[in-house]
>>> print(open('my_file_18.pdb').read())   # PDB, C-alpha atoms
ATOM      1  CA  MET A   1      25.551  11.019  -9.472
ATOM      2  CA  SER A   2      26.832   7.435  -9.601
ATOM      3  CA  ILE A   3      24.674   4.380 -10.247
ATOM      4  CA  GLY A   4      25.524   3.224  -6.726
ATOM      5  CA  SER A   5      23.994   6.296  -5.122
ATOM      6  CA  GLN A   6      20.918   5.891  -7.319
ATOM      7  CA  ILE A   7      20.398   2.302  -6.262
ATOM      8  CA  ALA A   8      20.928   3.132  -2.584
ATOM      9  CA  TRP A   9      17.479   4.785  -2.491
ATOM     10  CA  ASP A  10      15.618   2.235  -4.601
ATOM     11  CA  ASP A  11      12.902   0.347  -2.715
ATOM     12  CA  THR A  12      13.140   2.458   0.438
ATOM     13  CA  VAL A  13      10.842   4.605   2.549
ATOM     14  CA  LEU A  14      12.554   7.561   4.217
ATOM     15  CA  PRO A  15      10.808   8.982   7.324
ATOM     16  CA  PHE A  16      11.215  12.688   8.001
ATOM     17  CA  GLN A  17       9.817  15.443  10.165
ATOM     18  CA  LEU A  18       9.311  19.159   9.563
ATOM     19  CA  ASP A  19      10.273  20.565  12.932
ATOM     20  CA  ARG A  20       8.902  24.038  12.282
ATOM     21  CA  SER A  21       5.495  22.739  11.245
ATOM     22  CA  ASP A  22       5.030  19.755  13.557
ATOM     23  CA  ILE A  23       4.412  17.641  10.447
ATOM     24  CA  ARG A  24       5.791  14.179   9.795
ATOM     25  CA  GLY A  25       6.304  12.665   6.399
ATOM     26  CA  ARG A  26       7.603   9.835   4.248
ATOM     27  CA  VAL A  27       9.448   9.731   0.942
ATOM     28  CA  ALA A  28       9.142   6.458  -0.977
ATOM     29  CA  ARG A  29      11.141   5.232  -3.977
ATOM     30  CA  LEU A  30      10.067   1.920  -5.509
ATOM     31  CA  ASP A  31      11.304   0.072  -8.567
ATOM     32  CA  GLY A  32      12.269  -3.566  -8.019
ATOM     33  CA  VAL A  33       9.270  -4.065  -5.736
ATOM     34  CA  LEU A  34       6.927  -2.908  -8.476
ATOM     35  CA  ASP A  35       8.576  -5.086 -11.113
ATOM     36  CA  GLN A  36       8.128  -8.161  -8.933
ATOM     37  CA  VAL A  37       4.544  -7.312  -7.951
ATOM     38  CA  LEU A  38       3.499  -6.678 -11.556
ATOM     39  CA  ALA A  39       5.469  -9.618 -12.971
ATOM     40  CA  GLN A  40       3.098 -12.036 -11.215
ATOM     41  CA  HIS A  41       0.279 -11.061 -13.596
ATOM     42  CA  ASN A  42      -0.167  -9.711 -17.096
ATOM     43  CA  TYR A  43      -2.241  -6.678 -16.172
ATOM     44  CA  PRO A  44      -3.578  -4.207 -18.762
ATOM     45  CA  PRO A  45      -2.025  -0.703 -18.488
ATOM     46  CA  GLY A  46      -4.912   0.848 -16.534
ATOM     47  CA  ILE A  47      -4.897  -1.938 -13.952
ATOM     48  CA  GLU A  48      -1.098  -1.751 -13.702
ATOM     49  CA  ALA A  49      -1.381   1.953 -12.899
ATOM     50  CA  LEU A  50      -3.933   1.323 -10.131
ATOM     51  CA  VAL A  51      -1.822  -1.449  -8.592
ATOM     52  CA  THR A  52       1.289   0.751  -8.748
ATOM     53  CA  GLU A  53      -0.472   3.648  -7.020
ATOM     54  CA  ALA A  54      -1.884   1.338  -4.349
ATOM     55  CA  VAL A  55       1.540  -0.213  -3.651
ATOM     56  CA  LEU A  56       3.131   3.225  -3.330
ATOM     57  CA  LEU A  57       0.454   4.383  -0.883
ATOM     58  CA  THR A  58       0.749   1.155   1.090
ATOM     59  CA  ALA A  59       4.520   1.517   1.461
ATOM     60  CA  MET A  60       4.236   5.028   2.909
ATOM     61  CA  ILE A  61       1.191   4.435   5.108
ATOM     62  CA  GLY A  62       2.555   1.152   6.449
ATOM     63  CA  GLN A  63       5.778   2.812   7.536
ATOM     64  CA  THR A  64       3.913   5.490   9.532
ATOM     65  CA  ILE A  65       2.135   2.922  11.692
ATOM     66  CA  LYS A  66       3.839   1.068  14.528
ATOM     67  CA  LEU A  67       2.843  -2.260  13.083
ATOM     68  CA  ARG A  68       3.565  -5.578  14.696
ATOM     69  CA  TRP A  69       2.242  -7.502  11.726
ATOM     70  CA  LYS A  70       0.200  -6.351   8.731
ATOM     71  CA  LEU A  71      -1.477  -3.373   7.087
ATOM     72  CA  SER A  72      -3.879  -4.086   4.220
ATOM     73  CA  LEU A  73      -5.475  -1.703   1.745
ATOM     74  CA  GLN A  74      -8.474  -2.753  -0.304
ATOM     75  CA  VAL A  75     -10.242  -0.876  -3.062
ATOM     76  CA  ARG A  76     -13.517  -2.411  -4.246
ATOM     77  CA  GLY A  77     -15.704  -1.040  -6.988
ATOM     78  CA  ASP A  78     -18.502  -1.875  -9.377
ATOM     79  CA  GLY A  79     -16.461  -0.930 -12.458
ATOM     80  CA  PRO A  80     -14.074  -3.069 -14.529
ATOM     81  CA  ALA A  81     -11.489  -2.862 -11.712
ATOM     82  CA  ARG A  82     -13.319  -4.946  -9.124
ATOM     83  CA  LEU A  83     -10.599  -5.238  -6.483
ATOM     84  CA  ILE A  84      -7.156  -3.814  -5.750
ATOM     85  CA  ALA A  85      -5.591  -5.446  -2.673
ATOM     86  CA  THR A  86      -2.229  -4.778  -1.036
ATOM     87  CA  ASP A  87      -0.494  -6.024   2.099
ATOM     88  CA  TYR A  88       2.422  -4.473   4.002
ATOM     89  CA  TYR A  89       4.194  -6.720   6.524
ATOM     90  CA  ALA A  90       6.205  -4.945   9.183
ATOM     91  CA  PRO A  91       9.910  -5.815   9.588
ATOM     92  CA  THR A  92      10.483  -8.751  11.885
ATOM     93  CA  GLU A  93      13.614  -7.214  13.409
ATOM     94  CA  PRO A  94      15.526  -3.900  13.291
ATOM     95  CA  GLY A  95      17.127  -3.316   9.898
ATOM     96  CA  ALA A  96      15.082  -6.022   8.186
ATOM     97  CA  PRO A  97      13.010  -5.087   5.115
ATOM     98  CA  ALA A  98       9.259  -4.676   5.182
ATOM     99  CA  LEU A  99       7.404  -6.934   2.745
ATOM    100  CA  ILE A 100       4.816  -5.803   0.207
ATOM    101  CA  ARG A 101       2.519  -7.796  -2.031
ATOM    102  CA  ALA A 102      -0.461  -6.830  -4.209
ATOM    103  CA  TYR A 103      -2.915  -8.082  -6.785
ATOM    104  CA  ALA A 104      -5.955  -6.944  -8.746
ATOM    105  CA  SER A 105      -9.177  -8.577  -9.905
ATOM    106  CA  PHE A 106     -10.773  -7.078 -12.999
ATOM    107  CA  ASP A 107     -13.283  -7.713 -15.774
ATOM    108  CA  ALA A 108     -11.246  -7.640 -18.983
ATOM    109  CA  ALA A 109     -14.364  -7.525 -21.168
ATOM    110  CA  ARG A 110     -15.404  -4.188 -19.655
ATOM    111  CA  LEU A 111     -12.034  -2.444 -19.966
ATOM    112  CA  THR A 112     -11.793   0.479 -22.372
ATOM    113  CA  PRO A 113      -8.296   1.078 -23.836
ATOM    114  CA  GLY A 114      -6.930   4.460 -22.815
ATOM    115  CA  ALA A 115      -9.553   5.038 -20.119
ATOM    116  CA  ASP A 116      -8.624   6.954 -16.978
ATOM    117  CA  PRO A 117      -7.394   4.280 -14.519
ATOM    118  CA  PHE A 118      -9.273   5.719 -11.531
ATOM    119  CA  GLY A 119     -12.504   5.716 -13.518
ATOM    120  CA  LEU A 120     -12.200   1.936 -13.880
ATOM    121  CA  ILE A 121     -13.154   1.536 -10.209
ATOM    122  CA  GLY A 122     -16.604   3.091 -10.442
ATOM    123  CA  GLN A 123     -18.603   3.320  -7.221
ATOM    124  CA  GLY A 124     -17.216   1.513  -4.216
ATOM    125  CA  TYR A 125     -15.103   1.909  -1.118
ATOM    126  CA  PHE A 126     -11.546   2.367   0.101
ATOM    127  CA  ALA A 127     -10.687   0.280   3.177
ATOM    128  CA  MET A 128      -7.740  -0.010   5.515
ATOM    129  CA  LEU A 129      -7.213  -2.989   7.832
ATOM    130  CA  ILE A 130      -4.587  -3.085  10.567
ATOM    131  CA  ASP A 131      -3.888  -6.552  11.964
ATOM    132  CA  GLN A 132      -1.505  -6.657  14.923
ATOM    133  CA  GLY A 133      -1.432 -10.450  15.078
ATOM    134  CA  ARG A 134      -2.776 -13.094  17.402
ATOM    135  CA  ASP A 135      -4.910 -12.114  20.388
ATOM    136  CA  MET A 136      -5.306  -8.596  18.991
ATOM    137  CA  GLN A 137      -8.550  -7.239  17.576
ATOM    138  CA  PRO A 138      -8.076  -6.133  13.937
ATOM    139  CA  TYR A 139      -9.016  -2.534  13.119
ATOM    140  CA  GLN A 140     -10.830  -1.657   9.918
ATOM    141  CA  GLY A 141     -11.862   1.704   8.525
ATOM    142  CA  ILE A 142     -13.869   2.316   5.349
ATOM    143  CA  THR A 143     -14.656   5.405   3.272
ATOM    144  CA  PRO A 144     -16.422   5.746  -0.092
ATOM    145  CA  ILE A 145     -14.453   6.085  -3.301
ATOM    146  CA  ALA A 146     -14.043   9.847  -3.764
ATOM    147  CA  GLY A 147     -11.822  12.326  -5.571
ATOM    148  CA  GLY A 148      -9.898  11.605  -8.728
ATOM    149  CA  SER A 149      -7.228   9.170  -7.521
ATOM    150  CA  LEU A 150      -6.427   6.526  -4.936
ATOM    151  CA  ALA A 151      -4.249   9.156  -3.238
ATOM    152  CA  SER A 152      -7.348  11.351  -2.841
ATOM    153  CA  CYS A 153      -9.217   8.364  -1.388
ATOM    154  CA  ALA A 154      -6.433   7.842   1.148
ATOM    155  CA  GLU A 155      -6.445  11.531   2.098
ATOM    156  CA  THR A 156     -10.207  11.390   2.601
ATOM    157  CA  TYR A 157      -9.849   8.213   4.647
ATOM    158  CA  PHE A 158      -7.442   9.839   7.114
ATOM    159  CA  ALA A 159      -9.551  12.992   7.413
ATOM    160  CA  GLN A 160     -12.829  11.114   7.759
ATOM    161  CA  SER A 161     -11.803   8.096   9.855
ATOM    162  CA  GLU A 162      -8.785   9.338  11.807
ATOM    163  CA  GLN A 163      -9.182  13.140  11.667
ATOM    164  CA  LEU A 164      -5.539  13.390  10.614
ATOM    165  CA  PRO A 165      -4.790  15.917   7.860
ATOM    166  CA  THR A 166      -2.829  13.957   5.230
ATOM    167  CA  ARG A 167      -1.458  14.773   1.799
ATOM    168  CA  PHE A 168       0.153  12.633  -0.905
ATOM    169  CA  ALA A 169       2.162  13.672  -3.965
ATOM    170  CA  LEU A 170       2.831  10.687  -6.228
ATOM    171  CA  GLY A 171       4.641  10.015  -9.473
ATOM    172  CA  PHE A 172       4.971   6.717 -11.335
ATOM    173  CA  GLY A 173       5.459   5.265 -14.784
ATOM    174  CA  ARG A 174       7.698   3.155 -16.980
ATOM    175  CA  THR A 175      11.193   4.614 -17.392
ATOM    176  CA  ARG A 176      14.489   3.540 -18.889
ATOM    177  CA  LEU A 177      17.963   4.296 -17.537
ATOM    178  CA  PRO A 178      20.929   4.310 -19.945
ATOM    179  CA  GLY A 179      21.976   0.760 -20.734
ATOM    180  CA  GLN A 180      19.091  -0.787 -18.782
ATOM    181  CA  PRO A 181      15.713  -2.249 -19.821
ATOM    182  CA  GLU A 182      12.486  -0.305 -19.354
ATOM    183  CA  ARG A 183      10.960  -0.816 -15.917
ATOM    184  CA  TRP A 184       8.439   0.641 -13.537
ATOM    185  CA  ARG A 185       9.539   3.356 -11.149
ATOM    186  CA  ALA A 186       7.432   5.158  -8.585
ATOM    187  CA  GLY A 187       7.997   7.740  -5.917
ATOM    188  CA  GLY A 188       5.965   9.822  -3.553
ATOM    189  CA  VAL A 189       5.830  12.125  -0.573
ATOM    190  CA  MET A 190       3.375  11.764   2.300
ATOM    191  CA  LEU A 191       2.689  14.603   4.743
ATOM    192  CA  GLN A 192       0.676  14.154   7.908
ATOM    193  CA  LEU A 193       0.019  16.439  10.828
ATOM    194  CA  MET A 194       1.495  14.898  13.960
ATOM    195  CA  PRO A 195      -1.189  13.027  15.953
ATOM    196  CA  ALA A 196      -0.317  15.025  19.089
ATOM    197  CA  ALA A 197      -1.420  18.270  17.460
ATOM    198  CA  SER A 198      -4.769  19.661  18.585
ATOM    199  CA  ILE A 199      -7.697  19.008  16.276
ATOM    200  CA  PRO A 200     -10.803  21.203  16.614
ATOM    201  CA  ALA A 201     -14.276  19.780  16.990
ATOM    202  CA  VAL A 202     -15.868  19.140  13.602
ATOM    203  CA  ALA A 203     -19.458  19.799  12.721
ATOM    204  CA  GLU A 204     -21.373  17.057  10.948
ATOM    205  CA  GLY A 205     -20.498  16.969   7.271
ATOM    206  CA  GLY A 206     -17.443  18.197   5.439
ATOM    207  CA  SER A 207     -16.479  20.175   2.376
ATOM    208  CA  GLY A 208     -15.443  17.148   0.329
ATOM    209  CA  GLU A 209     -17.365  15.075  -2.172
ATOM    210  CA  ALA A 210     -20.690  13.848  -0.757
ATOM    211  CA  GLY A 211     -20.016  15.813   2.453
ATOM    212  CA  LEU A 212     -16.850  13.892   3.357
ATOM    213  CA  LEU A 213     -14.308  15.575   5.610
ATOM    214  CA  GLN A 214     -11.177  17.183   4.157
ATOM    215  CA  ALA A 215      -8.023  18.428   5.881
ATOM    216  CA  ASP A 216      -9.265  22.023   5.900
ATOM    217  CA  ASP A 217     -12.371  20.938   7.825
ATOM    218  CA  ILE A 218     -10.365  19.674  10.797
ATOM    219  CA  LEU A 219      -7.788  22.440  11.148
ATOM    220  CA  ASP A 220      -7.694  25.984  12.435
ATOM    221  CA  GLY A 221      -5.256  28.505  13.877
ATOM    222  CA  ASP A 222      -1.520  27.860  13.737
ATOM    223  CA  GLU A 223      -1.968  24.250  12.642
ATOM    224  CA  ALA A 224      -4.009  25.349   9.616
ATOM    225  CA  GLU A 225      -1.379  27.928   8.669
ATOM    226  CA  ALA A 226       1.474  25.430   8.985
ATOM    227  CA  TRP A 227      -0.438  22.812   7.011
ATOM    228  CA  THR A 228      -1.214  25.254   4.200
ATOM    229  CA  ARG A 229       2.406  26.382   4.035
ATOM    230  CA  ALA A 230       3.738  22.807   3.799
ATOM    231  CA  ASN A 231       1.211  21.921   1.094
ATOM    232  CA  LEU A 232       2.103  24.956  -0.994
ATOM    233  CA  LEU A 233       5.746  23.896  -0.852
ATOM    234  CA  LEU A 234       4.861  20.311  -1.818
ATOM    235  CA  ASP A 235       2.885  21.654  -4.784
ATOM    236  CA  THR A 236       6.211  22.674  -6.370
ATOM    237  CA  VAL A 237       7.583  19.124  -6.514
ATOM    238  CA  GLU A 238       8.280  17.720  -9.979
ATOM    239  CA  ASP A 239       7.640  14.170 -11.182
ATOM    240  CA  MET A 240      11.309  13.479 -11.815
ATOM    241  CA  GLU A 241      12.111  14.532  -8.248
ATOM    242  CA  LEU A 242       9.530  12.068  -6.960
ATOM    243  CA  ILE A 243      10.491   9.148  -9.160
ATOM    244  CA  GLY A 244      14.245   9.678  -9.254
ATOM    245  CA  PRO A 245      16.837   8.399  -9.519
ATOM    246  CA  ALA A 246      18.790  11.537 -10.430
ATOM    247  CA  VAL A 247      17.590  13.467  -7.345
ATOM    248  CA  GLN A 248      18.125  11.856  -3.970
ATOM    249  CA  PRO A 249      15.204  12.039  -1.490
ATOM    250  CA  THR A 250      17.306  14.037   0.965
ATOM    251  CA  GLU A 251      18.113  16.605  -1.726
ATOM    252  CA  MET A 252      14.439  16.854  -2.650
ATOM    253  CA  LEU A 253      13.435  17.464   0.978
ATOM    254  CA  VAL A 254      15.986  20.251   1.354
ATOM    255  CA  ARG A 255      14.816  21.828  -1.902
ATOM    256  CA  LEU A 256      11.150  21.667  -0.911
ATOM    257  CA  PHE A 257      11.174  22.277   2.823
ATOM    258  CA  HIS A 258      14.464  23.887   3.877
ATOM    259  CA  GLU A 259      12.615  26.678   5.735
ATOM    260  CA  GLU A 260      10.562  24.073   7.608
ATOM    261  CA  ARG A 261      13.740  22.488   9.037
ATOM    262  CA  PRO A 262      13.391  18.915   7.713
ATOM    263  CA  ARG A 263      14.933  16.167   9.840
ATOM    264  CA  VAL A 264      15.365  12.667   8.411
ATOM    265  CA  PHE A 265      15.489   9.295  10.140
ATOM    266  CA  ASP A 266      16.779   5.872   9.116
ATOM    267  CA  PRO A 267      15.314   4.668   5.805
ATOM    268  CA  GLN A 268      13.183   1.526   5.775
ATOM    269  CA  PRO A 269      13.992  -0.984   3.000
ATOM    270  CA  VAL A 270      11.041  -2.722   1.365
ATOM    271  CA  GLN A 271      10.876  -5.759  -0.885
ATOM    272  CA  PHE A 272       8.330  -8.006  -2.535
ATOM    273  CA  GLY A 273       7.288 -10.871  -0.313
ATOM    274  CA  CYS A 274       4.411 -13.268   0.203
ATOM    275  CA  THR A 275       3.374 -15.181   3.319
ATOM    276  CA  CYS A 276       1.448 -17.942   1.560
ATOM    277  CA  SER A 277       2.375 -21.534   2.408
ATOM    278  CA  GLU A 278       0.957 -25.035   2.246
ATOM    279  CA  GLU A 279       0.236 -24.848   5.963
ATOM    280  CA  ARG A 280      -1.855 -21.702   5.489
ATOM    281  CA  VAL A 281      -3.797 -23.344   2.665
ATOM    282  CA  ARG A 282      -4.499 -26.326   4.913
ATOM    283  CA  GLN A 283      -5.653 -24.014   7.702
ATOM    284  CA  SER A 284      -8.023 -22.185   5.358
ATOM    285  CA  LEU A 285      -9.554 -25.544   4.303
ATOM    286  CA  SER A 286      -9.837 -26.892   7.846
ATOM    287  CA  ILE A 287     -13.401 -25.542   8.206
ATOM    288  CA  TYR A 288     -14.759 -27.787   5.438
ATOM    289  CA  SER A 289     -16.281 -31.258   5.722
ATOM    290  CA  ALA A 290     -15.114 -34.260   3.751
ATOM    291  CA  LYS A 291     -18.134 -33.780   1.460
ATOM    292  CA  ASP A 292     -17.103 -30.156   0.785
ATOM    293  CA  ILE A 293     -13.521 -31.229   0.136
ATOM    294  CA  GLY A 294     -14.859 -33.809  -2.299
ATOM    295  CA  HIS A 295     -16.514 -31.059  -4.345
ATOM    296  CA  MET A 296     -13.137 -29.283  -4.549
ATOM    297  CA  THR A 297     -11.270 -32.398  -5.691
ATOM    298  CA  THR A 298     -10.213 -32.542  -9.341
ATOM    299  CA  ASP A 299     -10.619 -35.514 -11.695
ATOM    300  CA  GLU A 300      -6.949 -36.287 -10.944
ATOM    301  CA  GLY A 301      -7.813 -36.807  -7.278
ATOM    302  CA  ILE A 302      -6.138 -33.699  -5.847
ATOM    303  CA  VAL A 303      -7.181 -30.348  -4.417
ATOM    304  CA  THR A 304      -5.383 -27.381  -5.954
ATOM    305  CA  ALA A 305      -4.907 -23.829  -4.716
ATOM    306  CA  ASP A 306      -3.185 -20.809  -6.259
ATOM    307  CA  CYS A 307      -1.935 -17.700  -4.488
ATOM    308  CA  GLN A 308      -3.302 -14.572  -6.151
ATOM    309  CA  PHE A 309      -0.372 -12.506  -4.850
ATOM    310  CA  CYS A 310       2.685 -14.533  -5.883
ATOM    311  CA  GLY A 311       1.319 -17.223  -8.200
ATOM    312  CA  ALA A 312       2.395 -20.151  -6.014
ATOM    313  CA  HIS A 313       0.558 -23.382  -6.914
ATOM    314  CA  TYR A 314      -0.328 -26.030  -4.330
ATOM    315  CA  GLU A 315      -1.530 -29.613  -4.918
ATOM    316  CA  LEU A 316      -2.892 -31.400  -1.850
ATOM    317  CA  ASP A 317      -4.211 -34.856  -0.972
ATOM    318  CA  PRO A 318      -7.946 -34.418  -0.189
ATOM    319  CA  ALA A 319      -7.753 -37.139   2.489
ATOM    320  CA  THR A 320      -5.559 -34.839   4.568
ATOM    321  CA  LEU A 321      -7.849 -31.792   4.358
ATOM    322  CA  GLY A 322     -10.802 -30.495   6.347
ATOM    323  CA  PHE A 323     -11.980 -31.179   9.856
ATOM    324  CA  GLU A 324     -12.766 -34.802   8.947
ATOM    325  CA  ALA A 325      -9.268 -35.535   7.629
ATOM    326  CA  GLU A 326      -8.094 -39.104   8.179
ATOM    327  CA  GLN A 327      -6.271 -39.546  11.479
ATOM    328  CA  GLY A 328      -2.526 -39.854  11.187
ATOM    329  CA  ARG A 329      -2.324 -38.391   7.695
ATOM    330  CA  ASP A 330      -0.783 -34.989   7.210
ATOM    331  CA  ALA A 331       1.417 -33.080   4.802
ATOM    332  CA  GLY A 332       4.508 -34.877   5.991
ATOM    333  CA  GLU A 333       3.317 -38.437   5.359
TER     334      GLU A 333
END
>>> encode(input="my_file_18.pdb", output="structure tokens")
Amino acid sequence: MSIGSQIAWDDTVLPFQLDRSDIRGRVARLDGVLDQVLAQHNYPPGIEALVTEAVLLTAMIGQTIKLRWKLSLQVRGDGPARLIATDYYAPTEPGAPALIRAYASFDAARLTPGADPFGLIGQGYFAMLIDQGRDMQPYQGITPIAGGSLASCAETYFAQSEQLPTRFALGFGRTRLPGQPERWRAGGVMLQLMPAASIPAVAEGGSGEAGLLQADDILDGDEAEAWTRANLLLDTVEDMELIGPAVQPTEMLVRLFHEERPRVFDPQPVQFGCTCSEERVRQSLSIYSAKDIGHMTTDEGIVTADCQFCGAHYELDPATLGFEAEQGRDAGE
């Protein structure tokens, strides 16, 4: 395989459908996106792994939703990894890339070298927020941290909050291609029963951790058989098939699911991107009084703000900030 064909699938999400099973899916391949996300911060290895997994999940989940604006995932815990936050911005026009950004907040003093990354979260919750833009009510769903990975949390979320059987197979790590520097690569497959499929009534409580619902709790009959069959096939996937680049996603799908009649659609490119701006900073500070703005002002007479996602640094004149800003003074004067 040529380098060109390898690169063609980098930073893409490929939608597909298993026609025999009435199951939809996504294959994601990320490399440059991860490098740019992680380059904004000097994260320890365990935090890097959590951010990478969250970005990979966000890319696949975001592409399954008919977004008009933004999908956000948040993982909050009481362990050393306090917060993992990701945003997926839908393409603004056909053929345009989706944008992804992410960051983590953590307590470096509590990190243990070599510890299991998922264990760094501790007790907490996994949340998904869908924001369709102005004049639309945001939707938020929350489930407790459960299972042994963020992928397990996402599967539990869909079963518990949406009653949609969902499965993820992920692979990620630092790799090196011949003649190239070491870099992060990640890949994954997402399976999800089509929303139109019938879902049986579910009794209170599930078979998962702490009584949470799992896919098996919300399936029966032909749907349960098809779901089990597809999952058994996905169990045979290898890490190098997920991560690439030697195996193309289309080849992997044929290898895994040829009896399920896989059908692919146009791939969605993704790239790192941030929506921060001076205007947004000003808007966020518009709720404060002049006295509050004064408390934020540095000894040099400016108000500073830093974007956690991309590292952008803003320096603003305090007289132009807040709801008591001087008349006639704005960012352009």
>>> residues_around(input="my_file_18.pdb", residues="stretch 121-123 of chain A", least_positions_apart="4", cutoff="7 Å", atoms="all atoms listed in the file", output="MDAnalysis selection string")
chainID A and resid 77:82 145
>>> resolve_selection(input="my_file_18.pdb", expression="the PyMOL selection byres ((chain A and resi 163) around 9)", output="list in words")
Tyr157, Phe158, Ala159, Gln160, Ser161, Glu162, Leu164, Pro165, Ile199, Leu213, Gln214, Ala215 and Ile218 of chain A
>>> closest_residue(input="my_file_18.pdb", among="A:Gln63, A:Thr156, A:Ser277, A:Ser21", to="A:Asp306", atoms="all atoms listed in the file")
A:Ser277
>>> residues_near_point(input="my_file_18.pdb", point="(8.4, -3.8, -9.7)", cutoff="9 Å", atoms="all atoms listed in the file", output="PDB file with C-alpha atoms, keeping the file's coordinate frame")
ATOM      1  CA  LEU A  30      10.067   1.920  -5.509  1.00  0.00           C
ATOM      2  CA  ASP A  31      11.304   0.072  -8.567  1.00  0.00           C
ATOM      3  CA  GLY A  32      12.269  -3.566  -8.019  1.00  0.00           C
ATOM      4  CA  VAL A  33       9.270  -4.065  -5.736  1.00  0.00           C
ATOM      5  CA  LEU A  34       6.927  -2.908  -8.476  1.00  0.00           C
ATOM      6  CA  ASP A  35       8.576  -5.086 -11.113  1.00  0.00           C
ATOM      7  CA  GLN A  36       8.128  -8.161  -8.933  1.00  0.00           C
ATOM      8  CA  VAL A  37       4.544  -7.312  -7.951  1.00  0.00           C
ATOM      9  CA  LEU A  38       3.499  -6.678 -11.556  1.00  0.00           C
ATOM     10  CA  ALA A  39       5.469  -9.618 -12.971  1.00  0.00           C
ATOM     11  CA  THR A  52       1.289   0.751  -8.748  1.00  0.00           C
ATOM     12  CA  ARG A 183      10.960  -0.816 -15.917  1.00  0.00           C
ATOM     13  CA  TRP A 184       8.439   0.641 -13.537  1.00  0.00           C
ATOM     14  CA  ARG A 185       9.539   3.356 -11.149  1.00  0.00           C
ATOM     15  CA  PHE A 272       8.330  -8.006  -2.535  1.00  0.00           C
TER      16      PHE A 272
END
>>> atom_distance(input="my_file_18.pdb", atom1="atom CA of A:Thr64", atom2="atom CA of A:Phe168")
13.2 Å
>>> atom_distance(input="my_file_18.pdb", atom1="atom CA of A:Tyr43", atom2="atom CA of A:Ser105")
9.5 Å
>>> closest_residue(input="my_file_18.pdb", among="A:Ala109, A:Leu321, A:Cys274, A:Val237", to="A:Arg255", atoms="all atoms listed in the file")
A:Val237
>>> closest_residue(input="my_file_18.pdb", among="A:Gly62, A:Asp107, A:Asp11, A:Trp69", to="A:Ile47", atoms="all atoms listed in the file")
A:Asp107
>>> decode(input="my_file_18.pdb", residues="stretch 277-291 of chain A", atoms="N, CA and C atoms", output="mmCIF file, in the first residue's frame")
data_model
loop_
_atom_site.group_PDB
_atom_site.id
_atom_site.type_symbol
_atom_site.label_atom_id
_atom_site.label_comp_id
_atom_site.auth_asym_id
_atom_site.auth_seq_id
_atom_site.Cartn_x
_atom_site.Cartn_y
_atom_site.Cartn_z
ATOM 1 N N SER A 277 -12.500 33.157 20.710
ATOM 2 C CA SER A 277 -12.219 34.437 20.066
ATOM 3 C C SER A 277 -12.288 35.534 21.120
ATOM 4 N N GLU A 278 -11.755 36.695 20.785
ATOM 5 C CA GLU A 278 -11.842 37.819 21.715
ATOM 6 C C GLU A 278 -13.293 38.197 21.967
ATOM 7 N N GLU A 279 -14.109 38.130 20.935
ATOM 8 C CA GLU A 279 -15.525 38.464 21.095
ATOM 9 C C GLU A 279 -16.197 37.540 22.106
ATOM 10 N N ARG A 280 -15.886 36.233 22.030
ATOM 11 C CA ARG A 280 -16.487 35.297 22.976
ATOM 12 C C ARG A 280 -16.010 35.567 24.405
ATOM 13 N N VAL A 281 -14.752 35.933 24.564
ATOM 14 C CA VAL A 281 -14.254 36.276 25.891
ATOM 15 C C VAL A 281 -15.014 37.483 26.430
ATOM 16 N N ARG A 282 -15.196 38.490 25.577
ATOM 17 C CA ARG A 282 -15.930 39.684 26.000
ATOM 18 C C ARG A 282 -17.374 39.333 26.394
ATOM 19 N N GLN A 283 -17.997 38.457 25.620
ATOM 20 C CA GLN A 283 -19.364 38.052 25.943
ATOM 21 C C GLN A 283 -19.429 37.350 27.291
ATOM 22 N N SER A 284 -18.436 36.478 27.562
ATOM 23 C CA SER A 284 -18.443 35.754 28.829
ATOM 24 C C SER A 284 -18.232 36.686 30.022
ATOM 25 N N LEU A 285 -17.577 37.841 29.807
ATOM 26 C CA LEU A 285 -17.320 38.799 30.880
ATOM 27 C C LEU A 285 -18.398 39.875 30.981
ATOM 28 N N SER A 286 -19.356 39.841 30.072
ATOM 29 C CA SER A 286 -20.370 40.901 30.027
ATOM 30 C C SER A 286 -21.321 40.865 31.220
ATOM 31 N N ILE A 287 -21.328 39.776 31.986
ATOM 32 C CA ILE A 287 -22.237 39.673 33.135
ATOM 33 C C ILE A 287 -21.649 40.303 34.399
ATOM 34 N N TYR A 288 -20.394 40.758 34.327
ATOM 35 C CA TYR A 288 -19.723 41.252 35.530
ATOM 36 C C TYR A 288 -19.785 42.773 35.626
ATOM 37 N N SER A 289 -19.796 43.262 36.868
ATOM 38 C CA SER A 289 -19.795 44.703 37.120
ATOM 39 C C SER A 289 -18.381 45.247 36.991
ATOM 40 N N ALA A 290 -18.279 46.560 36.994
ATOM 41 C CA ALA A 290 -16.959 47.189 36.935
ATOM 42 C C ALA A 290 -16.111 46.794 38.143
ATOM 43 N N LYS A 291 -16.760 46.638 39.313
ATOM 44 C CA LYS A 291 -16.035 46.220 40.514
ATOM 45 C C LYS A 291 -15.465 44.810 40.326
#
